[in-house]
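S.K.: File follows, target.txt with compact mmCIF, C-alpha atoms:
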# COMPACT_ATOMS: atom_id res chain seq x y z
CA MET A 30 37.28 54.99 53.87
CA LYS A 31 35.45 51.87 55.02
CA ASN A 32 36.45 48.54 53.53
CA SER A 33 32.96 48.18 51.97
CA VAL A 34 29.43 47.42 52.96
CA VAL A 35 28.08 43.92 53.59
CA PHE A 36 25.68 42.80 50.86
CA SER A 37 23.31 41.42 53.46
CA SER A 38 23.86 40.37 57.06
CA PHE A 39 21.05 37.89 56.43
CA PHE A 40 23.42 35.83 54.26
CA ILE A 41 25.89 35.50 57.10
CA GLN A 42 23.20 34.45 59.57
CA LEU A 43 22.20 31.65 57.21
CA GLY A 44 25.62 29.99 57.48
CA GLY A 45 24.68 27.68 60.33
CA LEU A 46 21.43 26.70 58.64
CA PHE A 47 23.25 25.79 55.41
CA PHE A 48 25.70 23.67 57.37
CA PHE A 49 22.85 21.75 58.95
CA ILE A 50 21.04 21.20 55.66
CA LEU A 51 24.12 20.17 53.72
CA SER A 52 25.33 17.86 56.47
CA SER A 53 22.06 15.97 56.23
CA TRP A 54 22.49 15.62 52.44
CA ILE A 55 26.01 14.22 52.43
CA ASN A 56 26.02 10.45 52.32
CA PRO A 57 29.55 9.12 52.83
CA LYS A 58 28.76 6.02 50.77
CA SER A 59 28.25 8.24 47.74
CA TYR A 60 31.98 8.88 47.58
CA ALA A 61 33.17 5.32 48.17
CA TYR A 62 35.17 3.61 45.47
CA PRO A 63 32.72 1.97 42.97
CA SER A 64 31.88 -1.62 43.83
CA GLN A 65 32.32 -4.67 41.62
CA GLY A 66 28.61 -4.65 40.83
CA ILE A 67 28.78 -1.50 38.71
CA GLN A 68 31.80 -2.24 36.58
CA HIS A 69 29.60 -2.29 33.50
CA MET A 70 29.27 1.50 33.74
CA ALA A 71 31.51 3.61 31.52
CA SER A 72 34.55 4.79 33.42
CA ASP A 73 37.43 7.24 33.27
CA SER A 74 40.71 6.20 34.90
CA VAL A 75 41.50 9.64 36.31
CA ALA A 76 37.98 10.06 37.67
CA GLU A 77 38.17 6.63 39.31
CA ARG A 78 41.33 7.66 41.15
CA MET A 79 39.65 10.87 42.25
CA LEU A 80 36.85 8.84 43.82
CA LEU A 81 39.40 6.89 45.81
CA TYR A 82 41.03 10.01 47.23
CA GLN A 83 37.79 11.83 48.09
CA ARG A 84 37.03 12.10 51.79
CA ASN A 85 33.60 11.29 53.22
CA ASN A 86 32.96 14.98 53.95
CA GLY A 87 33.12 15.62 50.19
CA GLY A 88 36.52 17.32 49.96
CA TRP A 89 39.93 16.15 48.80
CA PRO A 90 43.27 16.13 50.65
CA GLN A 91 46.71 17.14 49.49
CA PRO A 92 48.94 14.32 50.81
CA ASN A 93 52.36 15.52 51.98
CA GLY A 94 51.46 19.03 50.80
CA ASP A 95 51.70 18.19 47.11
CA PRO A 96 48.98 18.06 44.43
CA ILE A 97 47.84 14.51 43.70
CA ASN A 98 49.13 12.96 40.47
CA TYR A 99 46.01 11.30 39.10
CA ASN A 100 47.83 10.01 36.04
CA LYS A 101 49.73 7.59 38.22
CA ALA A 102 48.29 4.09 38.64
CA ILE A 103 47.16 3.14 42.16
CA GLU A 104 48.52 -0.13 43.51
CA GLU A 105 46.35 -2.36 45.70
CA ASN A 106 48.12 -1.43 48.94
CA LEU A 107 47.60 2.30 48.30
CA LYS A 108 43.98 1.66 47.34
CA GLN A 109 43.33 -0.04 50.67
CA LYS A 110 45.10 2.76 52.51
CA LEU A 111 42.95 5.39 50.78
CA LEU A 112 39.77 3.49 51.57
CA SER A 113 40.80 3.36 55.24
CA GLU A 114 41.34 7.14 55.26
CA LYS A 115 37.90 8.11 53.99
CA ASN A 116 36.90 9.64 57.33
CA ASN A 117 40.05 11.77 57.64
CA LEU A 118 39.35 15.48 58.13
CA ASP A 119 42.23 16.77 56.03
CA ALA A 120 40.41 18.15 52.99
CA THR A 121 41.74 21.41 51.56
CA ILE A 122 41.42 23.95 48.74
CA ASP A 123 45.19 24.51 48.59
CA ASP A 124 46.78 24.30 45.12
CA GLN A 125 43.36 23.66 43.49
CA ALA A 126 42.65 20.63 45.67
CA THR A 127 38.88 19.90 45.70
CA THR A 128 38.12 22.53 43.03
CA ARG A 129 40.24 20.67 40.45
CA GLU A 130 38.52 17.38 41.20
CA ILE A 131 35.04 18.90 41.05
CA LYS A 132 35.72 20.35 37.59
CA SER A 133 37.26 17.13 36.32
CA LEU A 134 34.46 14.92 37.65
CA VAL A 135 31.73 17.09 36.14
CA THR A 136 33.43 16.82 32.77
CA ALA A 137 33.98 13.07 33.22
CA TYR A 138 30.27 12.65 33.96
CA LYS A 139 29.29 14.42 30.76
CA LYS A 140 31.68 12.19 28.85
CA THR A 141 30.70 8.85 30.44
CA GLN A 142 27.30 9.43 32.08
CA ASN A 143 28.69 7.61 35.11
CA ILE A 144 26.46 8.88 37.91
CA HIS A 145 29.14 8.25 40.54
CA TYR A 146 31.25 11.03 39.05
CA LEU A 147 28.40 13.52 39.21
CA LYS A 148 27.51 12.56 42.79
CA ALA A 149 31.14 12.91 43.84
CA ALA A 150 31.34 16.36 42.23
CA GLU A 151 28.14 17.42 43.97
CA GLY A 152 29.56 16.15 47.25
CA GLY A 153 32.58 18.36 46.66
CA ILE A 154 30.34 21.35 46.02
CA LYS A 155 28.43 20.71 49.26
CA TYR A 156 31.76 20.53 51.07
CA LEU A 157 32.76 23.94 49.67
CA ILE A 158 29.50 25.53 50.76
CA MET A 159 29.83 24.03 54.24
CA ALA A 160 33.43 25.26 54.48
CA GLN A 161 32.49 28.92 53.96
CA ASN A 162 33.11 30.82 57.18
CA ALA A 163 31.03 33.51 58.90
CA ALA A 164 32.89 36.27 57.04
CA GLY A 165 32.00 34.71 53.69
CA GLY A 166 35.52 33.49 52.97
CA TRP A 167 37.30 30.14 52.85
CA GLY A 168 40.22 28.92 54.91
CA GLN A 169 42.93 26.86 53.31
CA PHE A 170 41.62 23.77 55.13
CA TYR A 171 38.25 22.71 56.53
CA PRO A 172 37.37 21.61 59.16
CA ASP A 173 41.00 21.97 60.27
CA THR A 174 41.36 25.45 61.78
CA SER A 175 44.84 25.05 63.26
CA SER A 176 47.51 27.69 62.72
CA TYR A 177 47.08 29.65 59.46
CA HIS A 178 44.75 27.03 57.97
CA LYS A 179 41.80 29.02 59.29
CA HIS A 180 42.70 32.30 57.57
CA ILE A 181 40.73 33.53 54.57
CA THR A 182 43.11 32.28 51.90
CA TYR A 183 43.78 34.04 48.62
CA ASN A 184 47.24 32.45 48.45
CA ASP A 185 47.69 30.65 45.12
CA ASN A 186 44.09 31.69 44.32
CA ALA A 187 42.59 29.16 46.77
CA MET A 188 39.44 31.11 47.61
CA ILE A 189 39.15 32.52 44.10
CA ASP A 190 39.16 28.96 42.69
CA VAL A 191 36.13 28.27 44.90
CA MET A 192 34.42 31.43 43.68
CA TRP A 193 34.83 30.33 40.05
CA ILE A 194 33.20 26.97 40.85
CA LEU A 195 30.23 28.76 42.42
CA LYS A 196 29.95 31.09 39.43
CA TYR A 197 29.94 28.15 37.00
CA ILE A 198 27.12 26.54 38.99
CA VAL A 199 25.05 29.72 39.12
CA GLU A 200 25.52 30.38 35.40
CA GLY A 201 25.34 26.74 34.25
CA LYS A 202 28.60 27.03 32.32
CA ASN A 203 31.72 24.91 31.76
CA ASP A 204 29.80 21.62 32.11
CA PHE A 205 28.14 22.66 35.39
CA GLU A 206 24.67 22.70 33.85
CA VAL A 207 24.42 19.04 34.91
CA ILE A 208 24.61 19.86 38.61
CA GLU A 209 21.60 19.13 40.84
CA PRO A 210 19.30 22.20 40.57
CA SER A 211 18.83 22.42 44.35
CA LEU A 212 22.49 23.40 44.66
CA ILE A 213 22.08 26.49 42.47
CA PRO A 214 20.41 28.81 45.04
CA LEU A 215 22.90 27.71 47.69
CA ALA A 216 25.78 28.47 45.34
CA LYS A 217 24.23 31.84 44.53
CA VAL A 218 24.08 32.85 48.19
CA ALA A 219 27.59 31.54 48.85
CA MET A 220 28.91 33.47 45.86
CA ALA A 221 27.27 36.70 47.06
CA ARG A 222 28.79 36.25 50.50
CA GLY A 223 32.15 35.51 48.92
CA ILE A 224 32.07 38.68 46.84
CA ASP A 225 31.22 40.64 49.96
CA CYS A 226 34.21 39.08 51.70
CA ILE A 227 36.53 40.01 48.83
CA LEU A 228 35.35 43.62 49.03
CA LYS A 229 35.66 43.77 52.80
CA THR A 230 39.20 42.38 52.86
CA GLN A 231 40.63 44.83 50.32
CA PHE A 232 43.18 46.76 52.34
CA VAL A 233 43.01 50.48 53.05
CA GLN A 234 46.52 51.94 53.15
CA ASN A 235 46.90 55.49 54.45
CA GLY A 236 43.28 56.21 53.53
CA THR A 237 43.47 54.67 50.07
CA LEU A 238 41.85 51.42 48.93
CA THR A 239 44.61 49.17 47.55
CA ALA A 240 45.06 45.41 47.23
CA TRP A 241 44.83 42.08 49.07
CA CYS A 242 47.14 40.02 51.21
CA ALA A 243 47.65 36.32 50.49
CA GLN A 244 45.64 35.58 53.62
CA HIS A 245 43.37 37.57 55.93
CA ASP A 246 42.23 37.01 59.50
CA ARG A 247 38.72 35.55 59.41
CA GLN A 248 37.56 37.79 62.27
CA THR A 249 39.34 41.12 61.85
CA LEU A 250 39.63 40.68 58.03
CA LEU A 251 43.09 42.25 58.20
CA PRO A 252 46.17 40.82 56.45
CA ALA A 253 47.57 37.87 58.40
CA LYS A 254 50.73 35.78 58.62
CA ALA A 255 50.85 32.26 57.20
CA ARG A 256 54.16 30.42 56.92
CA ALA A 257 57.31 31.92 58.43
CA PHE A 258 58.22 33.65 55.17
CA GLU A 259 54.67 34.85 54.43
CA LEU A 260 54.12 37.94 56.57
CA PRO A 261 51.13 40.31 56.53
CA SER A 262 51.58 42.31 53.35
CA LEU A 263 50.02 43.37 50.07
CA SER A 264 50.43 40.86 47.27
CA GLY A 265 51.46 41.58 43.70
CA ASN A 266 50.36 38.05 42.86
CA GLU A 267 47.13 37.19 44.67
CA THR A 268 45.61 40.62 44.01
CA VAL A 269 45.42 39.70 40.33
CA GLY A 270 43.14 36.72 40.92
CA SER A 271 40.75 38.78 43.01
CA VAL A 272 40.54 41.48 40.36
CA GLN A 273 40.04 38.99 37.53
CA PHE A 274 37.14 37.38 39.33
CA LEU A 275 35.50 40.71 40.15
CA MET A 276 35.84 41.77 36.51
CA SER A 277 33.91 38.65 35.45
CA ILE A 278 30.77 39.81 37.22
CA ASP A 279 28.06 41.17 34.94
CA ASN A 280 26.49 44.50 35.82
CA PRO A 281 29.00 45.22 38.60
CA THR A 282 27.86 47.34 41.51
CA PRO A 283 29.56 50.66 42.30
CA LEU A 284 31.45 48.92 45.12
CA ILE A 285 32.79 46.26 42.77
CA LYS A 286 33.84 48.88 40.23
CA GLN A 287 35.57 50.87 42.95
CA ALA A 288 37.43 47.77 44.17
CA ILE A 289 38.65 46.89 40.68
CA GLN A 290 39.79 50.40 39.79
CA ALA A 291 41.55 50.88 43.13
CA ALA A 292 43.40 47.56 42.83
CA VAL A 293 44.48 48.33 39.26
CA ASN A 294 45.74 51.73 40.36
CA TRP A 295 47.74 50.03 43.12
CA LEU A 296 49.22 47.49 40.71
CA GLU A 297 50.23 50.24 38.32
CA ALA A 298 51.85 52.22 41.11
CA SER A 299 53.62 49.14 42.48
CA LYS A 300 55.30 47.89 39.30
CA ILE A 301 59.08 47.70 39.26
CA VAL A 302 60.58 48.72 35.93
CA GLY A 303 64.11 47.86 34.86
CA ILE A 304 64.93 44.54 36.49
CA ARG A 305 64.54 40.84 35.79
CA VAL A 306 65.26 37.70 37.80
CA ASP A 307 67.66 35.10 36.39
CA THR A 308 68.11 31.54 37.61
CA ILE A 309 71.77 30.56 37.36
CA GLN A 310 73.83 27.47 38.12
CA ASP A 311 76.07 28.04 41.15
CA SER A 312 77.83 25.07 42.71
CA THR A 313 78.79 27.13 45.77
CA GLN A 314 75.14 27.40 46.81
CA PRO A 315 73.33 24.75 48.89
CA LYS A 316 70.87 24.09 46.08
CA GLY A 317 73.49 24.20 43.32
CA ARG A 318 71.73 27.14 41.72
CA ASP A 319 70.68 30.66 42.57
CA ARG A 320 68.32 33.46 41.60
CA ILE A 321 69.73 36.90 41.07
CA VAL A 322 68.26 40.27 40.18
CA VAL A 323 69.85 41.94 37.16
CA ALA A 324 69.24 45.21 35.34
CA ASP A 325 67.00 45.02 32.27
CA PRO A 326 65.39 48.23 30.94
CA SER A 327 62.84 46.18 28.97
CA SER A 328 61.52 44.23 31.95
CA THR A 329 58.71 45.02 34.39
CA LEU A 330 58.08 42.94 37.49
CA TRP A 331 56.04 43.01 40.68
CA ALA A 332 57.10 41.81 44.11
CA ARG A 333 55.14 39.11 45.91
CA PHE A 334 55.13 41.12 49.15
CA TYR A 335 54.71 44.86 49.75
CA ASP A 336 54.88 46.56 53.14
CA LEU A 337 51.45 47.47 54.52
CA LYS A 338 52.57 50.96 55.54
CA THR A 339 55.23 52.01 53.04
CA ASN A 340 54.24 49.91 50.04
CA LYS A 341 57.90 49.00 49.54
CA PRO A 342 58.76 45.45 48.40
CA PHE A 343 60.29 43.15 51.01
CA PHE A 344 61.65 39.61 51.10
CA THR A 345 61.46 37.20 54.00
CA GLY A 346 63.22 33.92 54.68
CA ARG A 347 62.38 31.25 57.21
CA ASN A 348 63.52 33.47 60.08
CA SER A 349 60.56 35.81 59.41
CA ILE A 350 62.82 38.87 59.27
CA PRO A 351 61.91 41.12 56.31
CA LYS A 352 64.78 42.25 54.08
CA SER A 353 64.93 44.89 51.36
CA SER A 354 66.47 42.68 48.68
CA LEU A 355 66.22 39.10 47.42
CA ALA A 356 69.96 38.59 47.92
CA GLU A 357 69.61 39.05 51.68
CA ILE A 358 67.52 35.92 52.34
CA GLU A 359 68.74 32.33 52.31
CA ASN A 360 69.43 30.46 49.08
CA GLU A 361 66.83 27.79 49.86
CA ARG A 362 64.04 30.37 49.77
CA ARG A 363 65.47 32.41 46.89
CA VAL A 364 65.27 29.40 44.57
CA GLY A 365 62.24 27.79 46.21
CA TYR A 366 59.65 30.59 46.18
CA ALA A 367 58.39 33.19 43.71
CA TYR A 368 59.28 36.56 45.24
CA TYR A 369 59.06 38.39 41.89
CA GLY A 370 56.74 37.84 38.96
CA SER A 371 54.89 39.38 36.03
CA TRP A 372 51.50 38.26 37.34
CA PRO A 373 49.53 41.48 36.60
CA ALA A 374 50.97 42.05 33.11
CA LYS A 375 48.05 40.78 31.02
CA LEU A 376 45.49 42.25 33.39
CA LEU A 377 46.98 45.71 32.99
CA SER A 378 47.86 45.54 29.30
CA THR A 379 44.65 43.98 27.97
CA ASP A 380 41.94 42.75 30.35
CA TYR A 381 41.34 45.94 32.30
CA ALA A 382 40.86 48.05 29.17
CA VAL A 383 38.25 45.60 27.88
CA TRP A 384 36.42 45.71 31.22
CA LEU A 385 36.49 49.51 31.35
CA LYS A 386 35.02 49.78 27.88
CA LYS A 387 32.19 47.43 28.78
CA TRP A 388 31.21 48.59 32.25
CA VAL A 389 32.57 52.08 32.99
CA LYS A 390 31.18 55.11 31.22
CA ASN A 391 33.58 57.89 30.28
Step by step, read the file and then write its structure as structure tokens.

M.R.:
Amino acid sequence: MKNSVVFSSFFIQLGGLFFFILSSWINPKSYAYPSQGIQHMASDSVAERMLLYQRNNGGWPQPNGDPINYNKAIEENLKQKLLSEKNNLDATIDDQATTREIKSLVTAYKKTQNIHYLKAAEGGIKYLIMAQNAAGGWGQFYPDTSSYHKHITYNDNAMIDVMWILKYIVEGKNDFEVIEPSLIPLAKVAMARGIDCILKTQFVQNGTLTAWCAQHDRQTLLPAKARAFELPSLSGNETVGSVQFLMSIDNPTPLIKQAIQAAVNWLEASKIVGIRVDTIQDSTQPKGRDRIVVADPSSTLWARFYDLKTNKPFFTGRNSIPKSSLAEIENERRVGYAYYGSWPAKLLSTDYAVWLKKWVKN
């Protein structure tokens, strides 16, 4: 079974043209911190801090790998540092970076009518469209393509967060009706290419369409390795975000329906009944606590990682050696990463039945 058909190769060929057009639109001064001369405009403290952190290419960084706390006041020395870093090329979509700011700034504009917030949000949207790769996906970082940053990234819903932004623009929902109309057709094309990428990256296991990895190679589209403990695999977590987005599409094509039903079948087949994970205090462990798997007939969980060939759950520490149980990897990873979760529970118990009733005839 093929991984699915491209919506239109024409969309992919337009990528370079979009980059050229959008590059000519982006004016770095649009994202500079507001000057003294416009202090009379209504403002929002969180939005003001977002303007400071925004890079001149339109995206936002994630300093030290952590989400930015915009509720924290910015001292003068940090303000000057941020202004000096405007040209840094470290923007990312990791942990909702860039997508979170775009949503917040659009809402702040509607609340205050401060045009700087709208322009900053539109700059972020242009950044997202520029960052789309030839396969129609998004890497974790752009323009940084080092290491795993270049992979198509579903991890923590990074690419799916971008897809929701594009959908809001196309549909004019969730405050995005205020966006510059010229961005709508670009968002529509980018969204179509993104959907095609989601369909093409769904993994075929032993002849059966299944699920998604947390990241996929941007050229081969196959599952790819990211950090040392994130090996090529099928994900019981990230698959949920892909399915939820696909289910939001009105009048889904046969390929979209097939992808959704196959992924739900895989999630059903991959559930682990009869265990739960407890976090306990344990002074003998390096972190002073531990996570253990215990029997619980009332509990159903999914693993974060499933083997690409056998579909068996596995667990990997920082040595990149897969193990068959959580207890076999180091304490630091056991307590520092979500190897088990109930991520698909609502999708399977409620959402999928609603979707079936609406879009799939008996």

S.K.: What are the nearest atom pairs, with distances in Å to one decimal, for all residues of segment 150-171 of chain A that come at most 7 Å from segment 104-126 of chain A, using all atoms listed in the file, set out by chain and rising residue number as a tab-separated table?

M.R.:
residue	atom	partner	partner_atom	distance
A:Gln169	CA	A:Ile122	CA	5.6
A:Phe170	CA	A:Thr121	CA	4.3
A:Tyr171	CA	A:Ala120	CA	6.2

S.K.: Write out as a PDB file with C-alpha atoms, in the frame of the given file the residues lying within 6 Å of segment 318-332 of chain A, counting all atoms listed in the file and excluding same-chain residues fewer than 6 positions away.

M.R.:
ATOM      1  CA  GLY A 265      51.460  41.580  43.700  1.00  0.00           C
ATOM      2  CA  LYS A 300      55.300  47.890  39.300  1.00  0.00           C
ATOM      3  CA  ILE A 301      59.080  47.700  39.260  1.00  0.00           C
ATOM      4  CA  VAL A 302      60.580  48.720  35.930  1.00  0.00           C
ATOM      5  CA  GLY A 303      64.110  47.860  34.860  1.00  0.00           C
ATOM      6  CA  ILE A 304      64.930  44.540  36.490  1.00  0.00           C
ATOM      7  CA  ARG A 305      64.540  40.840  35.790  1.00  0.00           C
ATOM      8  CA  VAL A 306      65.260  37.700  37.800  1.00  0.00           C
ATOM      9  CA  ASP A 307      67.660  35.100  36.390  1.00  0.00           C
ATOM     10  CA  THR A 308      68.110  31.540  37.610  1.00  0.00           C
ATOM     11  CA  ILE A 309      71.770  30.560  37.360  1.00  0.00           C
ATOM     12  CA  GLN A 310      73.830  27.470  38.120  1.00  0.00           C
ATOM     13  CA  ASP A 311      76.070  28.040  41.150  1.00  0.00           C
ATOM     14  CA  PRO A 342      58.760  45.450  48.400  1.00  0.00           C
ATOM     15  CA  VAL A 364      65.270  29.400  44.570  1.00  0.00           C
ATOM     16  CA  TYR A 368      59.280  36.560  45.240  1.00  0.00           C
ATOM     17  CA  TYR A 369      59.060  38.390  41.890  1.00  0.00           C
ATOM     18  CA  GLY A 370      56.740  37.840  38.960  1.00  0.00           C
ATOM     19  CA  SER A 371      54.890  39.380  36.030  1.00  0.00           C
TER      20      SER A 371
END

S.K.: Find, counting only C-alpha atoms, the residue in A:Gln248, A:Asn98, A:Gln161, A:Thr268 that gets nearest to Val293 of chain A.

M.R.: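 Comparing A:Gln248, A:Asn98, A:Gln161, A:Thr268 against Val293 of chain A, the winner is A:Thr268.
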
S.K.: Could you give me, as a PyMOL selection string, the residues that sit within 12 Å of (58.7, 37.6, 54.2) in the file's coordinates, counting all atoms listed in the file?

M.R.: chain A and resi 243+253-264+332-336+342-355+357-359+362-363+366-368

S.K.: Between atom CA of Asp246 of chain A and atom CA of Lys338 of chain A, what is the distance, to one decimal in Å?

M.R.: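 About the pair atom CA of Asp246 of chain A and atom CA of Lys338 of chain A: they are 17.8 Å apart.
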
S.K.: Determine the nearest neighbour of Gly201 of chain A from the options A:Lys217, A:Arg129, A:Lys140, A:Lys387, counting all atoms listed in the file.

M.R.: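 The shortest atom-to-atom distance to Gly201 of chain A comes from A:Lys217.
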
S.K.: Work out how far apart atom CA of Lys229 of chain A and atom CA of Thr128 of chain A are and give it in Å to one decimal.

M.R.: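 Distance reported for this atom pair: 23.5 Å.
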
S.K.: What's the 10 Å shell around Lys101 of chain A, counting all atoms listed in the file, without same-chain residues fewer than 2 positions away, as an mmCIF file with C-alpha atoms, in the coordinates of the input?

M.R.:
data_model
loop_
_atom_site.group_PDB
_atom_site.id
_atom_site.type_symbol
_atom_site.label_atom_id
_atom_site.label_comp_id
_atom_site.auth_asym_id
_atom_site.auth_seq_id
_atom_site.Cartn_x
_atom_site.Cartn_y
_atom_site.Cartn_z
ATOM 1 C CA SER A 74 40.710 6.200 34.900
ATOM 2 C CA VAL A 75 41.500 9.640 36.310
ATOM 3 C CA ARG A 78 41.330 7.660 41.150
ATOM 4 C CA ILE A 97 47.840 14.510 43.700
ATOM 5 C CA ASN A 98 49.130 12.960 40.470
ATOM 6 C CA TYR A 99 46.010 11.300 39.100
ATOM 7 C CA ILE A 103 47.160 3.140 42.160
ATOM 8 C CA GLU A 104 48.520 -0.130 43.510
#

S.K.: Please determine an axis-aligned box that encloses all atoms of segment 197-216 of chain A listed in the file, with 8 Å added on each side, and express its centre and edge lengths in Å to one decimal as JSON.

M.R.:
{"center_x": 25.3, "center_y": 24.7, "center_z": 39.7, "size_x": 28.9, "size_y": 27.3, "size_z": 31.9}
